[in-house]
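entry_22.cif (mmCIF, C-alpha atoms)
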data_coords
#
loop_
_atom_site.label_atom_id
_atom_site.label_comp_id
_atom_site.auth_asym_id
_atom_site.auth_seq_id
_atom_site.Cartn_x
_atom_site.Cartn_y
_atom_site.Cartn_z
CA MET A 6 0.00 0.00 0.00
CA ALA A 7 1.16 3.53 -0.77
CA VAL A 8 2.10 5.70 2.20
CA ILE A 9 0.45 9.14 2.30
CA HIS A 10 3.00 11.70 3.46
CA HIS A 11 1.45 14.71 5.19
CA THR A 12 4.14 17.23 4.34
CA THR A 13 4.82 20.39 2.35
CA LEU A 14 4.66 20.72 -1.42
CA LYS A 15 6.13 23.70 -3.28
CA PRO A 16 4.30 24.65 -5.37
CA THR A 17 1.12 22.98 -4.14
CA LYS A 18 -1.00 20.75 -6.37
CA LEU A 19 -3.69 23.43 -6.62
CA GLU A 20 -1.09 26.00 -7.65
CA LEU A 21 0.13 23.69 -10.41
CA LEU A 22 -3.43 23.05 -11.60
CA THR A 23 -4.29 26.76 -11.57
CA SER A 24 -1.68 27.26 -14.29
CA TRP A 25 -2.37 24.02 -16.18
CA LEU A 26 -6.17 23.71 -16.31
CA PRO A 27 -6.82 26.69 -18.64
CA SER A 28 -4.66 24.98 -21.29
CA ARG A 29 -7.07 22.01 -21.51
CA PRO A 30 -9.84 21.94 -24.16
CA TRP A 31 -12.28 20.60 -21.56
CA TYR A 32 -11.73 23.56 -19.21
CA HIS A 33 -14.93 25.63 -19.21
CA GLY A 34 -13.67 28.71 -17.38
CA GLY A 35 -13.23 32.16 -18.77
CA ALA A 36 -10.15 34.22 -19.52
CA GLY A 37 -9.32 34.81 -15.86
CA GLU A 38 -7.38 32.56 -13.53
CA PRO A 39 -9.24 29.57 -12.01
CA GLU A 40 -10.17 29.72 -8.34
CA LEU A 41 -9.69 26.12 -7.31
CA ALA A 42 -10.58 24.13 -4.22
CA LYS A 43 -10.00 20.45 -3.60
CA ALA A 44 -13.39 18.73 -3.75
CA GLY A 45 -12.70 14.99 -3.49
CA GLY A 46 -11.07 12.06 -5.22
CA PHE A 47 -9.29 8.81 -4.48
CA ARG A 48 -5.96 7.05 -4.96
CA LEU A 49 -4.73 3.81 -6.52
CA ASP A 50 -1.62 1.88 -5.56
CA ASP A 51 1.27 1.23 -7.92
CA PRO A 52 2.21 -2.46 -7.44
CA GLN A 53 5.88 -1.48 -7.76
CA GLY A 54 5.56 1.26 -5.16
CA GLU A 55 7.27 3.84 -7.39
CA VAL A 56 4.50 6.01 -8.83
CA GLY A 57 1.92 7.97 -6.86
CA ILE A 58 -1.55 7.74 -8.44
CA GLU A 59 -4.29 10.19 -7.51
CA PHE A 60 -7.66 10.97 -9.05
CA MET A 61 -8.29 14.48 -7.77
CA VAL A 62 -11.54 16.42 -8.06
CA VAL A 63 -11.19 20.19 -8.01
CA THR A 64 -13.96 22.79 -8.17
CA ASP A 65 -13.46 26.10 -9.94
CA THR A 66 -15.53 28.97 -8.55
CA SER A 67 -14.20 31.71 -10.83
CA GLY A 68 -17.19 31.61 -13.20
CA THR A 69 -20.90 32.20 -12.85
CA HIS A 70 -21.47 28.64 -11.66
CA PRO A 71 -19.00 26.33 -9.88
CA THR A 72 -17.57 23.65 -12.15
CA SER A 73 -15.93 20.45 -10.92
CA TYR A 74 -13.19 18.66 -12.84
CA LEU A 75 -11.67 15.19 -12.57
CA VAL A 76 -7.87 15.41 -12.74
CA PRO A 77 -6.00 12.07 -12.70
CA LEU A 78 -2.39 12.70 -11.70
CA THR A 79 0.75 10.63 -11.34
CA TYR A 80 3.74 11.64 -9.24
CA ARG A 81 7.18 10.35 -10.19
CA GLY A 82 10.69 10.68 -8.83
CA ALA A 83 12.13 11.12 -12.34
CA PRO A 84 10.78 12.29 -15.71
CA LEU A 85 8.63 9.85 -17.67
CA ASP A 86 10.26 9.24 -21.05
CA GLY A 87 8.22 10.52 -23.99
CA ALA A 88 5.64 12.29 -21.80
CA GLU A 89 6.87 15.85 -21.94
CA HIS A 90 3.52 16.92 -23.43
CA ALA A 91 1.70 15.50 -20.38
CA LEU A 92 3.80 17.21 -17.70
CA VAL A 93 1.66 19.29 -15.37
CA GLY A 94 4.68 20.58 -13.46
CA THR A 95 7.32 19.77 -10.86
CA MET A 96 7.09 20.08 -7.09
CA GLU A 97 9.43 19.89 -4.14
CA HIS A 98 8.10 17.29 -1.70
CA GLY A 99 9.09 17.67 1.92
CA VAL A 100 9.95 13.95 2.23
CA LEU A 101 10.51 12.61 -1.28
CA GLY A 102 12.25 15.60 -2.88
CA ARG A 103 11.65 16.61 -6.50
CA ARG A 104 8.47 15.12 -7.97
CA TRP A 105 7.27 15.25 -11.56
CA ALA A 106 3.47 15.51 -11.82
CA TYR A 107 1.83 14.20 -15.00
CA ASP A 108 -1.62 14.12 -16.53
CA GLY A 109 -2.24 10.50 -15.59
CA CYS A 110 -4.17 9.65 -18.76
CA HIS A 111 -0.76 9.60 -20.49
CA ASP A 112 0.96 7.49 -17.82
CA PRO A 113 0.87 3.71 -18.43
CA VAL A 114 1.02 2.94 -14.71
CA LEU A 115 -2.18 4.87 -14.02
CA VAL A 116 -3.96 3.41 -17.06
CA ALA A 117 -3.09 -0.15 -16.01
CA GLN A 118 -4.31 0.40 -12.44
CA LEU A 119 -7.49 2.14 -13.61
CA LEU A 120 -8.34 -0.87 -15.76
CA ALA A 121 -7.60 -3.13 -12.78
CA LEU A 122 -10.02 -1.05 -10.71
CA ILE A 123 -12.75 -1.33 -13.35
CA GLU A 124 -12.24 -5.11 -13.50
CA GLY A 125 -12.40 -5.37 -9.70
CA ARG A 126 -8.82 -6.60 -9.23
CA VAL A 127 -7.83 -3.63 -7.06
CA GLN A 128 -9.75 -1.29 -4.77
CA ALA A 129 -9.85 2.50 -4.66
CA GLN A 130 -7.91 3.92 -1.72
CA ASP A 131 -8.69 6.89 0.50
CA GLN A 132 -7.20 10.10 -0.84
CA ASN A 133 -5.71 11.25 2.47
CA THR A 134 -5.17 8.18 4.69
CA SER A 135 -2.73 5.30 4.18
CA ASP A 136 -3.97 1.70 3.96
CA THR A 137 -7.64 2.74 3.90
CA PRO A 138 -10.02 1.66 1.11
CA ASP A 139 -12.45 4.25 -0.25
CA ARG A 140 -15.69 2.31 -0.30
CA GLU A 141 -17.68 5.22 -1.75
CA VAL A 142 -15.98 4.72 -5.12
CA THR A 143 -17.95 2.15 -7.12
CA ARG A 144 -17.05 0.22 -10.23
CA SER A 145 -18.49 -2.38 -12.59
CA TYR A 146 -17.44 -4.39 -15.60
CA LEU A 147 -19.06 -6.93 -17.90
CA GLY A 148 -16.49 -8.49 -20.19
CA GLY A 149 -13.21 -10.32 -20.54
CA SER A 150 -9.74 -9.37 -19.42
CA LEU A 151 -8.53 -5.94 -20.54
CA THR A 152 -5.02 -5.35 -21.93
CA PRO A 153 -3.50 -2.08 -20.70
CA THR A 154 -1.09 -1.85 -23.63
CA ASP A 155 -4.10 -1.48 -25.96
CA PHE A 156 -4.87 1.90 -24.35
CA THR A 157 -1.79 3.86 -25.33
CA THR A 158 -3.10 7.12 -26.80
CA ALA A 159 -5.15 9.72 -24.91
CA ALA A 160 -7.00 12.50 -26.73
CA ASP A 161 -8.80 15.44 -25.13
CA ASP A 162 -12.03 17.01 -26.35
CA GLN A 163 -14.52 19.55 -24.98
CA GLU A 164 -15.86 17.22 -22.27
CA GLY A 165 -13.12 14.79 -21.38
CA THR A 166 -10.36 12.42 -22.41
CA GLU A 167 -10.72 9.24 -24.46
CA LEU A 168 -8.28 6.35 -24.79
CA PRO A 169 -9.26 4.22 -27.79
CA ALA A 170 -8.35 0.55 -28.15
CA PRO A 171 -8.85 -2.04 -30.94
CA ARG A 172 -12.29 -3.22 -32.08
CA GLY A 173 -14.15 -0.12 -30.96
CA THR A 174 -13.20 -0.35 -27.29
CA ALA A 175 -12.64 2.99 -25.57
CA LEU A 176 -11.95 4.25 -22.07
CA ARG A 177 -13.50 7.67 -21.47
CA LEU A 178 -12.75 9.92 -18.52
CA HIS A 179 -15.36 12.55 -17.70
CA ARG A 180 -13.23 15.60 -16.93
CA VAL A 181 -16.22 17.92 -16.45
CA LEU A 182 -18.21 16.24 -13.69
CA ARG A 183 -22.00 16.31 -13.67
CA PRO A 184 -24.34 14.88 -11.03
CA ALA A 185 -26.17 11.74 -12.07
CA PRO A 186 -29.94 12.35 -12.44
CA ASP A 187 -32.03 10.73 -9.71
CA ASP A 188 -34.49 9.26 -12.20
CA ALA A 189 -32.06 7.91 -14.82
CA PRO A 190 -29.65 4.96 -15.00
CA LEU A 191 -26.09 5.78 -13.99
CA LEU A 192 -24.58 4.13 -17.08
CA PRO A 193 -25.42 4.71 -20.73
CA PRO A 194 -26.85 1.52 -22.30
CA GLU A 195 -23.81 0.87 -24.49
CA ALA A 196 -21.31 1.02 -21.60
CA THR A 197 -19.76 -2.15 -20.19
CA GLY A 198 -17.88 -0.71 -17.24
CA HIS A 199 -17.57 2.35 -15.04
CA VAL A 200 -16.05 4.11 -12.05
CA ALA A 201 -18.25 6.52 -10.10
CA GLY A 202 -17.86 8.64 -7.01
CA SER A 203 -18.97 11.75 -5.18
CA TRP A 204 -17.45 15.16 -4.57
CA HIS A 205 -18.09 18.25 -2.44
CA MET A 206 -19.64 21.45 -3.79
CA PRO A 207 -19.25 24.92 -2.24
CA ASP A 208 -22.91 24.94 -1.15
CA GLY A 209 -22.36 21.86 1.01
CA THR A 210 -24.04 19.37 -1.31
CA ARG A 211 -22.29 16.16 -2.30
CA PRO A 212 -23.35 15.06 -5.77
CA ARG A 213 -22.47 11.71 -7.26
CA GLY A 214 -21.68 10.94 -10.87
CA LEU A 215 -19.59 9.06 -13.38
CA PHE A 216 -15.83 9.49 -13.38
CA VAL A 217 -14.93 6.90 -16.02
CA VAL A 218 -16.92 4.91 -18.61
CA LEU A 219 -15.66 1.90 -20.55
CA HIS A 220 -17.12 0.92 -23.90
CA THR A 221 -16.18 -2.44 -25.43
CA GLY A 222 -17.32 -2.66 -29.02
CA PRO A 223 -18.66 -0.25 -31.63
CA ARG A 224 -21.01 2.49 -30.46
CA ALA A 225 -24.13 3.53 -32.32
#
What do you get writing this file as structure tokens?
Amino acid sequence: MAVIHHTTLKPTKLELLTSWLPSRPWYHGGAGEPELAKAGGFRLDDPQGEVGIEFMVVTDTSGTHPTSYLVPLTYRGAPLDGAEHALVGTMEHGVLGRRWAYDGCHDPVLVAQLLALIEGRVQAQDQNTSDTPDREVTRSYLGGSLTPTDFTTAADDQEGTELPAPRGTALRLHRVLRPAPDDAPLLPPEATGHVAGSWHMPDGTRPRGLFVVLHTGPRA
């Protein structure tokens, strides 16, 4: 299990994201700087114990209405070869020293563990406490074994990030989070797997919605 170090980060994660988020096509804010607050998320463990994996939810209150974003991040002790385009920034960690933070959709360690979570082979971990499962994060999957090396290319659009795989399979991360309607199914009918969770809003509510959807096979 990964150990959560409660220490200093310079710059902080929110400071890194304040600079990085406006460069994303799925960022819905205006021309001004985001006003970000941590709103939830969870972690996954790297079996090798080398890479930190965090799915962070941040809420931006700079616009007319608060908007929450899912930001999967990986933290490494050295640069990831070939991932310069996915670098969010570097931080000085009070215990671990220099850390390179990446958009996790481009990090094969995060993709492999996310697929393991969807399949039910690993469990989501609490974002802030070591060795503590996060039982509020749910997942499902109907299908055979998934091959992480099939999901090698991540592409952003106005709503999220998609990682296509052969034969019409695709892993889609909902970057702009929206509460699931009370009177509608959580999953679209063509989906075969998912990860869902909740997050905190500035008004004190705690909506729940889809974080990740997996499609296996051609979509209509």
If you take only C-alpha atoms and a cut-off of 10 Å, which residues of range 114-170 of chain A touch range 42-46 of chain A, and what are their nearest atom pairs and distances in Å to one decimal, in chain and number order, as a Markdown table?
| residue | atom | partner | partner_atom | distance |
| --- | --- | --- | --- | --- |
| A:Ala129 | CA | A:Gly46 | CA | 9.7 |
| A:Gln130 | CA | A:Gly46 | CA | 9.4 |
| A:Asp131 | CA | A:Gly46 | CA | 8.1 |
| A:Gln132 | CA | A:Gly46 | CA | 6.2 |
| A:Asn133 | CA | A:Gly46 | CA | 9.4 |
| A:Asp139 | CA | A:Gly46 | CA | 9.4 |
| A:Val142 | CA | A:Gly46 | CA | 8.8 |
On this structure, the PyMOL selection byres ((chain A and resi 50) around 12) would catch which residues? List them as a ChimeraX atom specification, sorted by chain and number. /A:6-9,47-49,51-60,79-80,114-119,121-122,126-132,135-138
Determine, counting all atoms listed in the file, which protein, DNA and RNA residues have an atom within 6 Å of an atom of range 200-207 of chain A; residues of the same chain fewer than 3 positions away are not included. Present the result as a PyMOL selection string. chain A and resi 44-45+142-144+210-217
Quick one: which residues end up in the PyMOL selection byres ((chain A and resi 169) around 9) for this structure, as number ranges by chain? A: 155-160, 167-168, 170-171, 173-177
May I have the residues within 12 Å of Tyr107 in chain A as a VMD selection string, using only C-alpha atoms and disregarding those fewer than 3 positions away in the same chain? chain A and resid 18 21 to 22 25 56 to 60 76 to 96 104 110 to 115
For range 173-197 of chain A, supply N, CA, C and O atoms and format the output as a compact mmCIF listing (two decimals), in the coordinates of the input.
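Resulting contents of result_16.txt:
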# COMPACT_ATOMS: atom_id res chain seq x y z
N GLY A 173 -13.14 -1.04 -31.45
CA GLY A 173 -14.15 -0.12 -30.96
C GLY A 173 -14.16 0.10 -29.46
O GLY A 173 -14.99 0.87 -28.96
N THR A 174 -13.28 -0.55 -28.73
CA THR A 174 -13.20 -0.35 -27.29
C THR A 174 -12.63 1.03 -26.99
O THR A 174 -11.73 1.51 -27.67
N ALA A 175 -13.15 1.67 -25.96
CA ALA A 175 -12.64 2.99 -25.57
C ALA A 175 -12.86 3.22 -24.08
O ALA A 175 -13.88 2.82 -23.52
N LEU A 176 -11.88 3.84 -23.47
CA LEU A 176 -11.95 4.25 -22.07
C LEU A 176 -12.13 5.76 -22.05
O LEU A 176 -11.30 6.49 -22.61
N ARG A 177 -13.22 6.23 -21.45
CA ARG A 177 -13.50 7.67 -21.47
C ARG A 177 -13.55 8.21 -20.04
O ARG A 177 -14.28 7.70 -19.19
N LEU A 178 -12.76 9.25 -19.82
CA LEU A 178 -12.75 9.92 -18.52
C LEU A 178 -13.55 11.21 -18.63
O LEU A 178 -13.29 12.04 -19.50
N HIS A 179 -14.53 11.35 -17.75
CA HIS A 179 -15.36 12.55 -17.70
C HIS A 179 -14.59 13.61 -16.92
O HIS A 179 -14.54 13.58 -15.69
N ARG A 180 -13.99 14.55 -17.61
CA ARG A 180 -13.23 15.60 -16.93
C ARG A 180 -14.15 16.64 -16.31
O ARG A 180 -13.88 17.14 -15.22
N VAL A 181 -15.22 17.00 -17.00
CA VAL A 181 -16.22 17.92 -16.45
C VAL A 181 -17.27 17.05 -15.77
O VAL A 181 -18.00 16.30 -16.43
N LEU A 182 -17.34 17.13 -14.45
CA LEU A 182 -18.21 16.24 -13.69
C LEU A 182 -19.62 16.80 -13.60
O LEU A 182 -19.80 18.00 -13.35
N ARG A 183 -20.59 15.92 -13.77
CA ARG A 183 -22.00 16.31 -13.67
C ARG A 183 -22.73 15.31 -12.79
O ARG A 183 -22.53 14.09 -12.93
N PRO A 184 -23.58 15.80 -11.90
CA PRO A 184 -24.34 14.88 -11.03
C PRO A 184 -25.22 13.95 -11.84
O PRO A 184 -25.80 14.34 -12.85
N ALA A 185 -25.29 12.70 -11.41
CA ALA A 185 -26.17 11.74 -12.07
C ALA A 185 -27.62 12.07 -11.74
O ALA A 185 -27.95 12.32 -10.57
N PRO A 186 -28.52 12.09 -12.72
CA PRO A 186 -29.94 12.35 -12.44
C PRO A 186 -30.53 11.27 -11.53
O PRO A 186 -30.18 10.09 -11.65
N ASP A 187 -31.42 11.69 -10.64
CA ASP A 187 -32.03 10.73 -9.71
C ASP A 187 -32.92 9.72 -10.42
O ASP A 187 -33.09 8.60 -9.95
N ASP A 188 -33.50 10.11 -11.54
CA ASP A 188 -34.49 9.26 -12.20
C ASP A 188 -33.96 8.60 -13.46
O ASP A 188 -34.73 8.16 -14.32
N ALA A 189 -32.63 8.50 -13.61
CA ALA A 189 -32.06 7.91 -14.82
C ALA A 189 -30.97 6.91 -14.43
O ALA A 189 -30.33 7.04 -13.38
N PRO A 190 -30.73 5.91 -15.27
CA PRO A 190 -29.65 4.96 -15.00
C PRO A 190 -28.30 5.67 -14.96
O PRO A 190 -28.08 6.65 -15.67
N LEU A 191 -27.42 5.17 -14.11
CA LEU A 191 -26.09 5.78 -13.99
C LEU A 191 -25.31 5.62 -15.29
O LEU A 191 -24.65 6.56 -15.75
N LEU A 192 -25.38 4.43 -15.90
CA LEU A 192 -24.58 4.13 -17.08
C LEU A 192 -25.39 4.27 -18.36
O LEU A 192 -26.56 3.89 -18.40
N PRO A 193 -24.77 4.77 -19.43
CA PRO A 193 -25.42 4.71 -20.73
C PRO A 193 -25.56 3.26 -21.17
O PRO A 193 -24.75 2.40 -20.77
N PRO A 194 -26.56 2.92 -21.98
CA PRO A 194 -26.85 1.52 -22.30
C PRO A 194 -25.72 0.80 -23.01
O PRO A 194 -25.60 -0.42 -22.89
N GLU A 195 -24.87 1.53 -23.74
CA GLU A 195 -23.81 0.87 -24.49
C GLU A 195 -22.54 0.65 -23.67
O GLU A 195 -21.58 0.04 -24.14
N ALA A 196 -22.50 1.13 -22.44
CA ALA A 196 -21.31 1.02 -21.60
C ALA A 196 -21.21 -0.37 -20.98
O ALA A 196 -22.23 -0.99 -20.65
N THR A 197 -19.98 -0.85 -20.81
CA THR A 197 -19.76 -2.15 -20.19
C THR A 197 -19.01 -2.06 -18.87
O THR A 197 -18.82 -3.06 -18.20
